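Undergrad: Following this line is structure23.txt, made up of compact mmCIF, C-alpha atoms and all ligand atoms:
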```txt
# COMPACT_ATOMS: atom_id res chain seq x y z
CA MET C 1 -1.99 1.08 -9.64
CA ASN C 2 -2.17 1.81 -13.40
CA ASP C 3 1.45 0.80 -13.90
CA LEU C 4 0.76 -2.69 -12.47
CA PRO C 5 0.48 -5.58 -14.94
CA GLU C 6 -3.14 -6.37 -15.84
CA HIS C 7 -3.27 -9.68 -13.91
CA VAL C 8 -1.84 -7.97 -10.77
CA ARG C 9 -4.47 -5.23 -10.95
CA ARG C 10 -7.24 -7.79 -11.36
CA ASN C 11 -5.95 -10.01 -8.54
CA ARG C 12 -5.60 -6.98 -6.26
CA ALA C 13 -9.27 -6.11 -6.75
CA ALA C 14 -10.30 -9.76 -6.30
CA TRP C 15 -8.31 -10.27 -3.06
CA ASP C 16 -9.41 -6.94 -1.60
CA ALA C 17 -12.98 -8.18 -2.09
CA TRP C 18 -12.32 -11.71 -0.72
CA ALA C 19 -10.17 -10.70 2.28
CA SER C 20 -12.99 -10.65 4.85
CA GLU C 21 -13.85 -14.29 4.01
CA TYR C 22 -10.24 -15.34 4.77
CA ALA C 23 -9.86 -13.50 8.09
CA ALA C 24 -11.20 -16.33 10.30
CA ALA C 25 -8.96 -18.95 8.65
CA GLY C 26 -6.00 -16.58 9.06
CA GLU C 27 -6.84 -16.15 12.72
CA ARG C 28 -7.00 -19.93 13.27
CA ALA C 29 -3.65 -20.43 11.51
CA TRP C 30 -1.96 -17.67 13.54
CA ALA C 31 -3.05 -19.49 16.73
CA LEU C 32 -1.45 -22.83 15.71
CA GLU C 33 1.54 -23.97 17.70
CA HIS C 34 2.39 -26.65 15.12
CA PRO C 35 1.97 -25.45 11.50
CA THR C 36 -0.22 -27.37 9.06
CA TRP C 37 -0.30 -26.85 5.31
CA GLY C 38 -2.66 -26.51 2.41
CA ILE C 39 -6.09 -27.87 1.68
CA TRP C 40 -5.69 -30.93 3.94
CA ASP C 41 -3.90 -29.40 6.94
CA VAL C 42 -0.94 -31.76 6.53
CA PRO C 43 1.40 -31.28 9.51
CA GLU C 44 4.77 -29.58 9.14
CA SER C 45 6.30 -32.71 10.70
CA GLU C 46 5.35 -34.56 7.48
CA LEU C 47 6.06 -31.94 4.76
CA ALA C 48 8.97 -30.02 6.35
CA LEU C 49 8.45 -26.76 4.42
CA LEU C 50 10.28 -24.66 7.02
CA PRO C 51 14.06 -25.16 7.28
CA ASP C 52 15.27 -26.57 10.63
CA ASP C 53 17.94 -23.86 10.78
CA ILE C 54 15.66 -20.87 10.14
CA ALA C 55 16.51 -19.10 13.43
CA GLY C 56 18.57 -15.97 12.71
CA LYS C 57 17.96 -16.23 8.93
CA ASP C 58 16.37 -13.63 6.63
CA ALA C 59 13.08 -14.94 5.23
CA ILE C 60 10.44 -13.50 2.90
CA GLU C 61 6.89 -14.67 2.27
CA LEU C 62 5.76 -13.90 -1.29
CA GLY C 63 2.01 -13.26 -1.21
CA CYS C 64 1.72 -13.52 2.56
CA GLY C 65 -2.02 -12.79 2.81
CA THR C 66 -2.92 -12.86 6.50
CA ALA C 67 0.76 -13.67 7.19
CA TYR C 68 0.39 -16.73 9.41
CA VAL C 69 3.32 -18.43 7.64
CA SER C 70 5.40 -15.32 8.36
CA ALA C 71 4.27 -15.52 12.00
CA TRP C 72 5.35 -19.19 12.22
CA MET C 73 8.79 -18.24 10.83
CA ALA C 74 9.14 -15.23 13.17
CA ARG C 75 8.31 -17.43 16.18
CA ARG C 76 11.12 -19.77 15.07
CA GLY C 77 13.56 -16.86 15.25
CA ALA C 78 13.73 -15.78 11.58
CA ARG C 79 13.93 -12.11 10.51
CA VAL C 80 10.79 -12.03 8.38
CA VAL C 81 9.32 -9.80 5.67
CA GLY C 82 5.87 -10.39 4.18
CA ILE C 83 4.73 -8.89 0.88
CA ASP C 84 1.18 -8.98 -0.42
CA ASN C 85 -0.74 -7.41 -3.27
CA SER C 86 -3.90 -6.82 -1.19
CA GLU C 87 -4.09 -4.04 1.41
CA ALA C 88 -7.25 -5.68 2.80
CA GLN C 89 -5.43 -8.98 3.44
CA LEU C 90 -2.59 -7.04 5.08
CA ALA C 91 -5.10 -5.28 7.34
CA THR C 92 -5.96 -8.70 8.84
CA ALA C 93 -2.24 -9.52 9.08
CA ARG C 94 -1.55 -6.24 10.92
CA ARG C 95 -4.44 -6.80 13.32
CA LEU C 96 -3.09 -10.28 14.15
CA GLN C 97 0.44 -8.92 14.58
CA GLY C 98 -1.01 -6.62 17.24
CA LYS C 99 -2.99 -9.41 18.90
CA TYR C 100 0.07 -11.71 19.15
CA GLY C 101 2.65 -8.95 19.76
CA LEU C 102 4.73 -9.99 16.74
CA ASP C 103 6.22 -7.21 14.66
CA PHE C 104 7.79 -7.72 11.22
CA PRO C 105 7.61 -5.64 8.02
CA LEU C 106 4.51 -6.15 5.88
CA LEU C 107 4.80 -4.58 2.43
CA HIS C 108 1.92 -3.76 0.14
CA GLY C 109 3.23 -4.65 -3.30
CA ASN C 110 3.68 -7.06 -6.16
CA ALA C 111 5.93 -10.08 -5.47
CA GLU C 112 7.11 -9.85 -9.10
CA THR C 113 9.07 -6.67 -8.19
CA VAL C 114 10.11 -6.59 -4.53
CA PRO C 115 11.77 -3.40 -3.23
CA TYR C 116 14.75 -5.16 -1.64
CA PRO C 117 18.35 -5.38 -2.92
CA ASP C 118 19.76 -8.52 -4.53
CA ALA C 119 20.72 -11.36 -2.17
CA SER C 120 18.75 -10.01 0.83
CA PHE C 121 17.26 -13.34 1.96
CA ASP C 122 18.21 -16.92 2.88
CA PHE C 123 14.71 -18.33 2.48
CA ALA C 124 11.59 -17.51 0.42
CA ILE C 125 8.22 -19.20 0.75
CA SER C 126 4.81 -18.99 -0.87
CA GLU C 127 1.74 -20.96 0.16
CA TYR C 128 -0.89 -20.40 -2.55
CA GLY C 129 0.44 -16.80 -2.78
CA ALA C 130 2.62 -15.45 -5.58
CA CYS C 131 3.18 -19.05 -6.71
CA LEU C 132 -0.47 -19.22 -7.81
CA TRP C 133 -1.48 -15.61 -8.57
CA ALA C 134 1.70 -14.01 -9.95
CA ASP C 135 3.25 -14.59 -13.38
CA PRO C 136 5.87 -17.36 -12.97
CA GLN C 137 8.06 -15.75 -15.66
CA ARG C 138 8.30 -12.70 -13.37
CA TRP C 139 8.11 -13.93 -9.76
CA VAL C 140 10.50 -16.91 -10.07
CA PRO C 141 13.47 -14.84 -11.42
CA GLU C 142 12.59 -12.20 -8.81
CA ALA C 143 12.77 -14.82 -6.02
CA ALA C 144 16.15 -15.93 -7.39
CA ARG C 145 17.38 -12.32 -7.36
CA LEU C 146 16.28 -11.84 -3.73
CA LEU C 147 17.96 -15.02 -2.46
CA ARG C 148 21.60 -15.44 -1.50
CA PRO C 149 23.58 -18.24 -3.19
CA GLY C 150 22.52 -21.50 -1.51
CA GLY C 151 19.24 -19.89 -0.37
CA ARG C 152 16.05 -21.90 -0.56
CA LEU C 153 12.67 -21.29 -2.19
CA VAL C 154 9.69 -23.45 -1.17
CA PHE C 155 6.17 -23.19 -2.54
CA LEU C 156 2.89 -25.05 -2.14
CA VAL C 157 0.24 -24.84 -4.82
CA ASN C 158 -2.51 -26.78 -6.59
CA SER C 159 -1.14 -29.70 -8.59
CA PHE C 160 -1.08 -29.39 -12.37
CA LEU C 161 -3.49 -32.34 -12.51
CA MET C 162 -5.92 -30.45 -10.25
CA ALA C 163 -5.75 -27.48 -12.62
CA LEU C 164 -6.64 -29.82 -15.51
CA CYS C 165 -9.57 -31.44 -13.68
CA ALA C 166 -11.04 -28.53 -11.66
CA PRO C 167 -14.55 -27.69 -12.89
CA ASP C 168 -15.30 -24.15 -14.02
CA GLU C 169 -17.66 -23.68 -11.05
CA GLU C 170 -15.80 -23.62 -7.72
CA ALA C 171 -18.74 -25.24 -5.92
CA VAL C 172 -18.44 -28.41 -8.06
CA ALA C 173 -15.82 -31.04 -7.17
CA ALA C 174 -13.27 -32.43 -9.63
CA THR C 175 -14.01 -35.85 -11.11
CA ASP C 176 -11.80 -38.22 -13.12
CA ARG C 177 -12.45 -36.09 -16.22
CA LEU C 178 -9.80 -33.83 -17.73
CA ARG C 179 -11.61 -30.52 -18.25
CA ARG C 180 -9.01 -28.55 -20.18
CA PRO C 181 -5.98 -29.20 -22.36
CA ALA C 182 -2.57 -29.34 -20.70
CA PHE C 183 -0.67 -27.77 -23.59
CA GLY C 184 -0.88 -23.98 -23.53
CA LEU C 185 -2.65 -23.89 -20.12
CA CYS C 186 -0.47 -21.85 -17.68
CA ARG C 187 -2.68 -18.73 -17.38
CA LEU C 188 -6.15 -19.77 -16.14
CA GLU C 189 -9.23 -17.61 -15.74
CA PHE C 190 -12.36 -19.29 -14.42
CA PRO C 191 -15.58 -18.05 -16.06
CA GLY C 192 -17.29 -15.33 -14.03
CA GLU C 193 -14.14 -14.63 -11.98
CA THR C 194 -12.08 -11.46 -12.44
CA SER C 195 -8.99 -13.13 -10.91
CA VAL C 196 -6.14 -14.73 -12.85
CA GLU C 197 -4.23 -17.89 -11.81
CA PHE C 198 -1.07 -19.46 -13.24
CA HIS C 199 -0.59 -23.23 -13.55
CA PRO C 200 2.62 -24.13 -15.39
CA SER C 201 3.13 -27.79 -16.30
CA HIS C 202 5.88 -29.71 -14.49
CA GLY C 203 8.15 -29.35 -17.53
CA ASP C 204 7.57 -25.59 -17.58
CA TRP C 205 8.30 -25.29 -13.84
CA ILE C 206 11.52 -27.30 -14.13
CA ARG C 207 12.76 -25.30 -17.13
CA LEU C 208 11.94 -21.93 -15.56
CA LEU C 209 13.37 -22.81 -12.14
CA ARG C 210 16.62 -24.08 -13.66
CA GLN C 211 16.93 -21.11 -16.06
CA SER C 212 16.45 -18.79 -13.05
CA GLY C 213 19.38 -20.37 -11.21
CA PHE C 214 17.67 -22.96 -9.01
CA GLU C 215 18.40 -26.64 -8.49
CA ILE C 216 15.34 -28.72 -7.69
CA GLU C 217 15.64 -30.62 -4.42
CA ASP C 218 12.18 -32.13 -4.09
CA LEU C 219 8.67 -32.19 -5.52
CA ILE C 220 6.19 -33.57 -3.00
CA GLU C 221 2.79 -34.65 -4.29
CA VAL C 222 0.65 -34.16 -1.20
CA TRP C 223 -1.33 -37.22 -0.06
CA PRO C 224 -3.91 -36.25 2.55
CA PRO C 225 -3.69 -38.26 5.78
CA ALA C 226 -6.55 -40.60 6.71
CA GLY C 227 -9.49 -38.61 8.09
CA ALA C 228 -8.40 -35.28 6.54
CA ALA C 229 -11.19 -32.93 5.44
CA SER C 230 -11.17 -30.22 2.79
CA HIS C 231 -12.66 -26.79 3.45
CA TYR C 232 -12.84 -26.32 -0.31
CA PRO C 233 -15.67 -27.72 -2.45
CA PHE C 234 -13.58 -28.17 -5.62
CA VAL C 235 -11.84 -31.34 -4.38
CA THR C 236 -13.03 -34.32 -2.34
CA PHE C 237 -11.01 -36.49 0.02
CA ASP C 238 -11.73 -39.51 -2.20
CA TRP C 239 -10.26 -37.69 -5.25
CA ALA C 240 -7.19 -36.46 -3.37
CA ARG C 241 -6.42 -39.95 -2.02
CA GLN C 242 -6.17 -41.16 -5.63
CA TRP C 243 -4.47 -38.23 -7.36
CA PRO C 244 -2.27 -35.36 -6.18
CA SER C 245 -4.41 -32.29 -5.48
CA GLU C 246 -1.52 -30.09 -4.39
CA GLU C 247 2.26 -30.10 -4.60
CA VAL C 248 5.27 -28.71 -2.78
CA TRP C 249 8.36 -27.57 -4.71
CA LYS C 250 11.63 -27.25 -2.80
CA VAL C 251 14.48 -25.60 -4.71
CA ARG C 252 17.86 -24.11 -3.87
CA LYS C 253 19.69 -21.23 -5.57
CA ARG C 254 22.95 -22.41 -7.13
CA GLU C 255 26.12 -21.32 -5.26
C1 LIG I 1 -4.68 -17.73 -0.70
S1 LIG I 1 -3.82 -16.26 -0.17
C2 LIG I 1 -2.35 -17.06 0.35
C3 LIG I 1 -1.66 -16.35 1.45
C4 LIG I 1 -1.66 -17.03 2.80
N1 LIG I 1 -1.11 -18.36 2.76
C5 LIG I 1 -3.06 -16.97 3.35
O1 LIG I 1 -3.80 -17.95 3.17
O2 LIG I 1 -3.47 -15.94 3.92
C6 LIG I 1 -3.27 -15.54 -1.70
C7 LIG I 1 -2.58 -14.19 -1.49
O3 LIG I 1 -1.72 -13.92 -2.60
C8 LIG I 1 -1.73 -12.52 -2.78
N2 LIG I 1 -1.21 -12.17 -4.10
C9 LIG I 1 -1.79 -12.38 -5.31
N3 LIG I 1 -1.01 -11.91 -6.29
C10 LIG I 1 0.09 -11.37 -5.71
C11 LIG I 1 1.25 -10.71 -6.19
N4 LIG I 1 1.45 -10.53 -7.50
N5 LIG I 1 2.15 -10.28 -5.29
C12 LIG I 1 1.97 -10.44 -3.96
N6 LIG I 1 0.88 -11.07 -3.44
C13 LIG I 1 -0.03 -11.54 -4.31
C14 LIG I 1 -3.17 -12.15 -2.58
O4 LIG I 1 -3.33 -10.76 -2.36
C15 LIG I 1 -3.56 -13.02 -1.41
O5 LIG I 1 -3.44 -12.36 -0.18
```
Output the file's structure as structure tokens, nothing else.
Ligand SMILES: C[S@@+](CC[C@H](N)C(=O)[O-])C[C@H]1O[C@@H](n2cnc3c(N)ncnc32)[C@H](O)[C@@H]1O
TA:
Amino acid sequence: MNDLPEHVRRNRAAWDAWASEYAAAGERAWALEHPTWGIWDVPESELALLPDDIAGKDAIELGCGTAYVSAWMARRGARVVGIDNSEAQLATARRLQGKYGLDFPLLHGNAETVPYPDASFDFAISEYGACLWADPQRWVPEAARLLRPGGRLVFLVNSFLMALCAPDEEAVAATDRLRRPAFGLCRLEFPGETSVEFHPSHGDWIRLLRQSGFEIEDLIEVWPPAGAASHYPFVTFDWARQWPSEEVWKVRKRE
């Protein structure tokens, strides 16, 4: 524990404390036949985060939490590994594995240093996991190391604009006001929270992904469908219909 980077130690304590609040949502997501993503439950049929040809492929979820994304991939025939920094989140994941009779490795660890050899996976995914809570300068090169040439990395995270507009208090929704400077943002700590988030700008993401050996295939700015509802107080439907509240990056490791 003491040899973990400071932000990983802090996020471990935070997620161990929050895990019980996320168990019910994890349970609902495990039960879904058709995956939906992010704040607005946008269907997989619209965002296509999971590759069509995932059956028989090696896949890893970086910051798997309750591991419903891993479960969706395992049900599609992938050989899946989930890694998460919080033992309490993994306890929910293990309970749900038992309930649904799905068995795949769940590792307790830091997605910035994954105990697997180079080129072990064809696909890596993170939904508000390592892509939000781990240091991009560490987890992106690590994802590149883990993937085979031609392998894909997909992640879904708050948009950079959301990070600029989100109020300091989570219970207050974003408005059309920019609350913090864009330059020099990246690491973000909300007042009163012990956790640490990372919000690189688009330029920083592009530079880091390319330097790490990825080509960028798509950047989807998620537009919630009519009638969508947020479970999170920090963004309203009205806001998210005008500006991107979350974004999906799809990248491929150079051959
Ligand atoms: C919002 S959850 C996302 C996971 C999943 N989509 C879910 O909702 O259960 C964030 C997860 O990222 C994990 N996490 C944070 N930092 C991490 C790190 N450095 N390595 C691995 N997992 C990490 C947390 O422990 C937490 O379970």
Undergrad: Would you give me, as JSON lines, each residue of chain C having an atom within 6 Å of an atom of ligand LIG 1 (chain I), along with its shortest atom pair and that distance in Å to one decimal, using only C-alpha atoms and all ligand atoms and sorting by chain and residue number?
TA:
```
{"residue": "C:Val8", "atom": "CA", "partner": "I:LIG1", "partner_atom": "N4", "distance": 5.3}
{"residue": "C:Asn11", "atom": "CA", "partner": "I:LIG1", "partner_atom": "N3", "distance": 5.8}
{"residue": "C:Arg12", "atom": "CA", "partner": "I:LIG1", "partner_atom": "O4", "distance": 5.9}
{"residue": "C:Trp15", "atom": "CA", "partner": "I:LIG1", "partner_atom": "O4", "distance": 5.1}
{"residue": "C:Gly26", "atom": "CA", "partner": "I:LIG1", "partner_atom": "O2", "distance": 5.8}
{"residue": "C:Leu62", "atom": "CA", "partner": "I:LIG1", "partner_atom": "C12", "distance": 5.8}
{"residue": "C:Gly63", "atom": "CA", "partner": "I:LIG1", "partner_atom": "N6", "distance": 3.3}
{"residue": "C:Cys64", "atom": "CA", "partner": "I:LIG1", "partner_atom": "C3", "distance": 4.5}
{"residue": "C:Gly65", "atom": "CA", "partner": "I:LIG1", "partner_atom": "O5", "distance": 3.3}
{"residue": "C:Thr66", "atom": "CA", "partner": "I:LIG1", "partner_atom": "O2", "distance": 4.1}
{"residue": "C:Ala67", "atom": "CA", "partner": "I:LIG1", "partner_atom": "O2", "distance": 5.8}
{"residue": "C:Ile83", "atom": "CA", "partner": "I:LIG1", "partner_atom": "C12", "distance": 5.8}
{"residue": "C:Asp84", "atom": "CA", "partner": "I:LIG1", "partner_atom": "N6", "distance": 3.7}
{"residue": "C:Asn85", "atom": "CA", "partner": "I:LIG1", "partner_atom": "N6", "distance": 4.0}
{"residue": "C:Ser86", "atom": "CA", "partner": "I:LIG1", "partner_atom": "O4", "distance": 4.1}
{"residue": "C:Gln89", "atom": "CA", "partner": "I:LIG1", "partner_atom": "O5", "distance": 5.3}
{"residue": "C:Gly109", "atom": "CA", "partner": "I:LIG1", "partner_atom": "C12", "distance": 6.0}
{"residue": "C:Asn110", "atom": "CA", "partner": "I:LIG1", "partner_atom": "N5", "distance": 3.7}
{"residue": "C:Ala111", "atom": "CA", "partner": "I:LIG1", "partner_atom": "N5", "distance": 3.8}
{"residue": "C:Glu112", "atom": "CA", "partner": "I:LIG1", "partner_atom": "N4", "distance": 5.9}
{"residue": "C:Glu127", "atom": "CA", "partner": "I:LIG1", "partner_atom": "N1", "distance": 4.7}
{"residue": "C:Tyr128", "atom": "CA", "partner": "I:LIG1", "partner_atom": "C2", "distance": 4.7}
{"residue": "C:Gly129", "atom": "CA", "partner": "I:LIG1", "partner_atom": "O3", "distance": 3.6}
{"residue": "C:Ala130", "atom": "CA", "partner": "I:LIG1", "partner_atom": "C10", "distance": 4.8}
{"residue": "C:Trp133", "atom": "CA", "partner": "I:LIG1", "partner_atom": "N3", "distance": 4.4}
{"residue": "C:Ala134", "atom": "CA", "partner": "I:LIG1", "partner_atom": "N4", "distance": 4.3}
```
Undergrad: For the point (-19.2, -25.7, -9.1) in the file's frame, write as JSON, numbers by chain all residues with an atom no more than 12 Å away, counting all atoms listed in the file.
TA: {"C": [166, 167, 168, 169, 170, 171, 172, 173, 174, 175, 190, 191, 192, 232, 233, 234, 235]}
Undergrad: If we count all atoms listed in the file and set the cut-off at 6 Å, which residues sit around Gly151 of chain C, ignoring sequence neighbours fewer than 6 positions away in its own chain? Please answer as a PyMOL selection string.
TA: chain C and resi 122-123+252-253
Undergrad: So that I can see what lies close to Glu33 of chain C, please list as number ranges by chain the residues with an atom at most 12 Å from it, counting all atoms listed in the file and leaving out residues fewer than 5 positions away in the same chain.
TA: C: 28, 43-44, 68-69, 71-73, 75-76
Undergrad: Take atom CA of Ser195 of chain C and atom CA of Pro136 of chain C and report the distance between them in Å, one decimal.
TA: 15.6 Å
Undergrad: Enclose segment 157-170 of chain C, meaning all of its atoms listed in the file, in a box aligned along x, y and z, pad it by 4 Å on each side, and list the centre and edge lengths in Å to one decimal, as lines of an AutoDock Vina configuration file.
TA:
```
center_x = -8.7
center_y = -28.0
center_z = -10.2
size_x = 25.9
size_y = 16.7
size_z = 18.7
```
Undergrad: For the atom pair atom CA of Ser120 of chain C and atom CA of Trp249 of chain C, what is the interatomic distance in Å to one decimal place?
TA: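 Separation between atom CA of Ser120 of chain C and atom CA of Trp249 of chain C: 21.1 Å.
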Undergrad: Can you work out which one of C:Asp58, C:Leu47, C:Arg79, C:Ala74 has the shortest atom-to-atom distance to Lys250 of chain C, counting all atoms listed in the file?
TA: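 Smallest distance to Lys250 of chain C is found for C:Leu47.
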Undergrad: For Pro225 of chain C, which residue out of C:Phe160, C:Phe104, C:Trp40, C:Trp239 is the nearest one, using only C-alpha atoms?
TA: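 Smallest distance to Pro225 of chain C is found for C:Trp40.
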Undergrad: List the neighbours of Gln211 of chain C out to 10 Å using all atoms listed in the file; skip same-chain residues closer than 6 positions along the sequence, and give me the result as a VMD selection string.
TA: chain C and resid 140 to 141 205
Undergrad: What is the atom CA of Gly38 of chain C-atom CA of Ala59 of chain C distance in Å, reported with one decimal?
TA: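 One can read the atom CA of Gly38 of chain C to atom CA of Ala59 of chain C distance as 19.7 Å.
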Undergrad: So that I can see what lies close to Ile60 of chain C, please list as a PyMOL selection string the residues with an atom at most 6 Å from it, counting only C-alpha atoms and leaving out residues fewer than 3 positions away in the same chain.
TA: chain C and resi 80-82+124
Undergrad: Which residue is closest to Val114 of chain C? Choose from C:Leu146, C:Ile54, C:Leu90, C:Leu49 and count only C-alpha atoms.
TA: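 Among the listed residues, the smallest separation from Val114 of chain C belongs to C:Leu146.
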Undergrad: Would you please work out which residue, of C:Asp218, C:Asp52, C:Glu247, C:Asp135, is nearest to Arg187 of chain C when using all atoms listed in the file?
TA: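 Among the listed residues, the smallest separation from Arg187 of chain C belongs to C:Asp135.
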Undergrad: Can I get segment 25-50 of chain C with N, CA and C atoms filled in, as an mmCIF file, in the coordinates of the input?
TA:
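See selection31.cif below for the written result:
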```cif
data_model
loop_
_atom_site.group_PDB
_atom_site.id
_atom_site.type_symbol
_atom_site.label_atom_id
_atom_site.label_comp_id
_atom_site.auth_asym_id
_atom_site.auth_seq_id
_atom_site.Cartn_x
_atom_site.Cartn_y
_atom_site.Cartn_z
ATOM 1 N N ALA C 25 -9.952 -17.893 8.892
ATOM 2 C CA ALA C 25 -8.960 -18.950 8.650
ATOM 3 C C ALA C 25 -7.565 -18.449 9.019
ATOM 4 N N GLY C 26 -7.295 -17.177 8.700
ATOM 5 C CA GLY C 26 -6.000 -16.580 9.060
ATOM 6 C C GLY C 26 -5.830 -16.573 10.570
ATOM 7 N N GLU C 27 -6.887 -16.210 11.253
ATOM 8 C CA GLU C 27 -6.840 -16.150 12.720
ATOM 9 C C GLU C 27 -6.563 -17.539 13.310
ATOM 10 N N ARG C 28 -7.225 -18.545 12.771
ATOM 11 C CA ARG C 28 -7.000 -19.930 13.270
ATOM 12 C C ARG C 28 -5.544 -20.345 13.023
ATOM 13 N N ALA C 29 -5.020 -20.013 11.848
ATOM 14 C CA ALA C 29 -3.650 -20.430 11.510
ATOM 15 C C ALA C 29 -2.621 -19.691 12.378
ATOM 16 N N TRP C 30 -2.882 -18.408 12.655
ATOM 17 C CA TRP C 30 -1.960 -17.670 13.540
ATOM 18 C C TRP C 30 -1.887 -18.338 14.916
ATOM 19 N N ALA C 31 -2.988 -18.924 15.367
ATOM 20 C CA ALA C 31 -3.050 -19.490 16.730
ATOM 21 C C ALA C 31 -2.350 -20.847 16.825
ATOM 22 N N LEU C 32 -2.013 -21.474 15.676
ATOM 23 C CA LEU C 32 -1.450 -22.830 15.710
ATOM 24 C C LEU C 32 -0.045 -22.846 16.293
ATOM 25 N N GLU C 33 0.179 -23.802 17.180
ATOM 26 C CA GLU C 33 1.540 -23.970 17.700
ATOM 27 C C GLU C 33 2.363 -24.795 16.702
ATOM 28 N N HIS C 34 1.712 -25.792 16.103
ATOM 29 C CA HIS C 34 2.390 -26.650 15.120
ATOM 30 C C HIS C 34 1.763 -26.385 13.743
ATOM 31 N N PRO C 35 2.539 -25.801 12.803
ATOM 32 C CA PRO C 35 1.970 -25.450 11.500
ATOM 33 C C PRO C 35 1.372 -26.653 10.757
ATOM 34 N N THR C 36 0.321 -26.380 10.001
ATOM 35 C CA THR C 36 -0.220 -27.370 9.060
ATOM 36 C C THR C 36 -0.389 -26.664 7.730
ATOM 37 N N TRP C 37 -0.404 -27.455 6.637
ATOM 38 C CA TRP C 37 -0.300 -26.850 5.310
ATOM 39 C C TRP C 37 -1.433 -27.260 4.378
ATOM 40 N N GLY C 38 -1.856 -26.252 3.593
ATOM 41 C CA GLY C 38 -2.660 -26.510 2.410
ATOM 42 C C GLY C 38 -4.086 -26.930 2.693
ATOM 43 N N ILE C 39 -4.671 -27.507 1.659
ATOM 44 C CA ILE C 39 -6.090 -27.870 1.680
ATOM 45 C C ILE C 39 -6.384 -28.871 2.787
ATOM 46 N N TRP C 40 -5.420 -29.778 3.053
ATOM 47 C CA TRP C 40 -5.690 -30.930 3.940
ATOM 48 C C TRP C 40 -5.058 -30.796 5.315
ATOM 49 N N ASP C 41 -4.531 -29.616 5.624
ATOM 50 C CA ASP C 41 -3.900 -29.400 6.940
ATOM 51 C C ASP C 41 -2.856 -30.472 7.260
ATOM 52 N N VAL C 42 -1.992 -30.756 6.306
ATOM 53 C CA VAL C 42 -0.940 -31.760 6.530
ATOM 54 C C VAL C 42 0.112 -31.142 7.459
ATOM 55 N N PRO C 43 0.485 -31.876 8.531
ATOM 56 C CA PRO C 43 1.400 -31.280 9.510
ATOM 57 C C PRO C 43 2.787 -30.993 8.940
ATOM 58 N N GLU C 44 3.389 -29.936 9.486
ATOM 59 C CA GLU C 44 4.770 -29.580 9.140
ATOM 60 C C GLU C 44 5.711 -30.752 9.384
ATOM 61 N N SER C 45 5.417 -31.570 10.401
ATOM 62 C CA SER C 45 6.300 -32.710 10.700
ATOM 63 C C SER C 45 6.365 -33.671 9.508
ATOM 64 N N GLU C 46 5.347 -33.661 8.639
ATOM 65 C CA GLU C 46 5.350 -34.560 7.480
ATOM 66 C C GLU C 46 5.950 -33.886 6.234
ATOM 67 N N LEU C 47 5.654 -32.597 6.018
ATOM 68 C CA LEU C 47 6.060 -31.940 4.760
ATOM 69 C C LEU C 47 7.368 -31.167 4.886
ATOM 70 N N ALA C 48 7.703 -30.735 6.090
ATOM 71 C CA ALA C 48 8.970 -30.020 6.350
ATOM 72 C C ALA C 48 9.199 -28.868 5.353
ATOM 73 N N LEU C 49 8.263 -27.928 5.290
ATOM 74 C CA LEU C 49 8.450 -26.760 4.420
ATOM 75 C C LEU C 49 9.418 -25.759 5.029
ATOM 76 N N LEU C 50 9.435 -25.656 6.358
ATOM 77 C CA LEU C 50 10.280 -24.660 7.020
ATOM 78 C C LEU C 50 11.626 -25.274 7.349
#
```
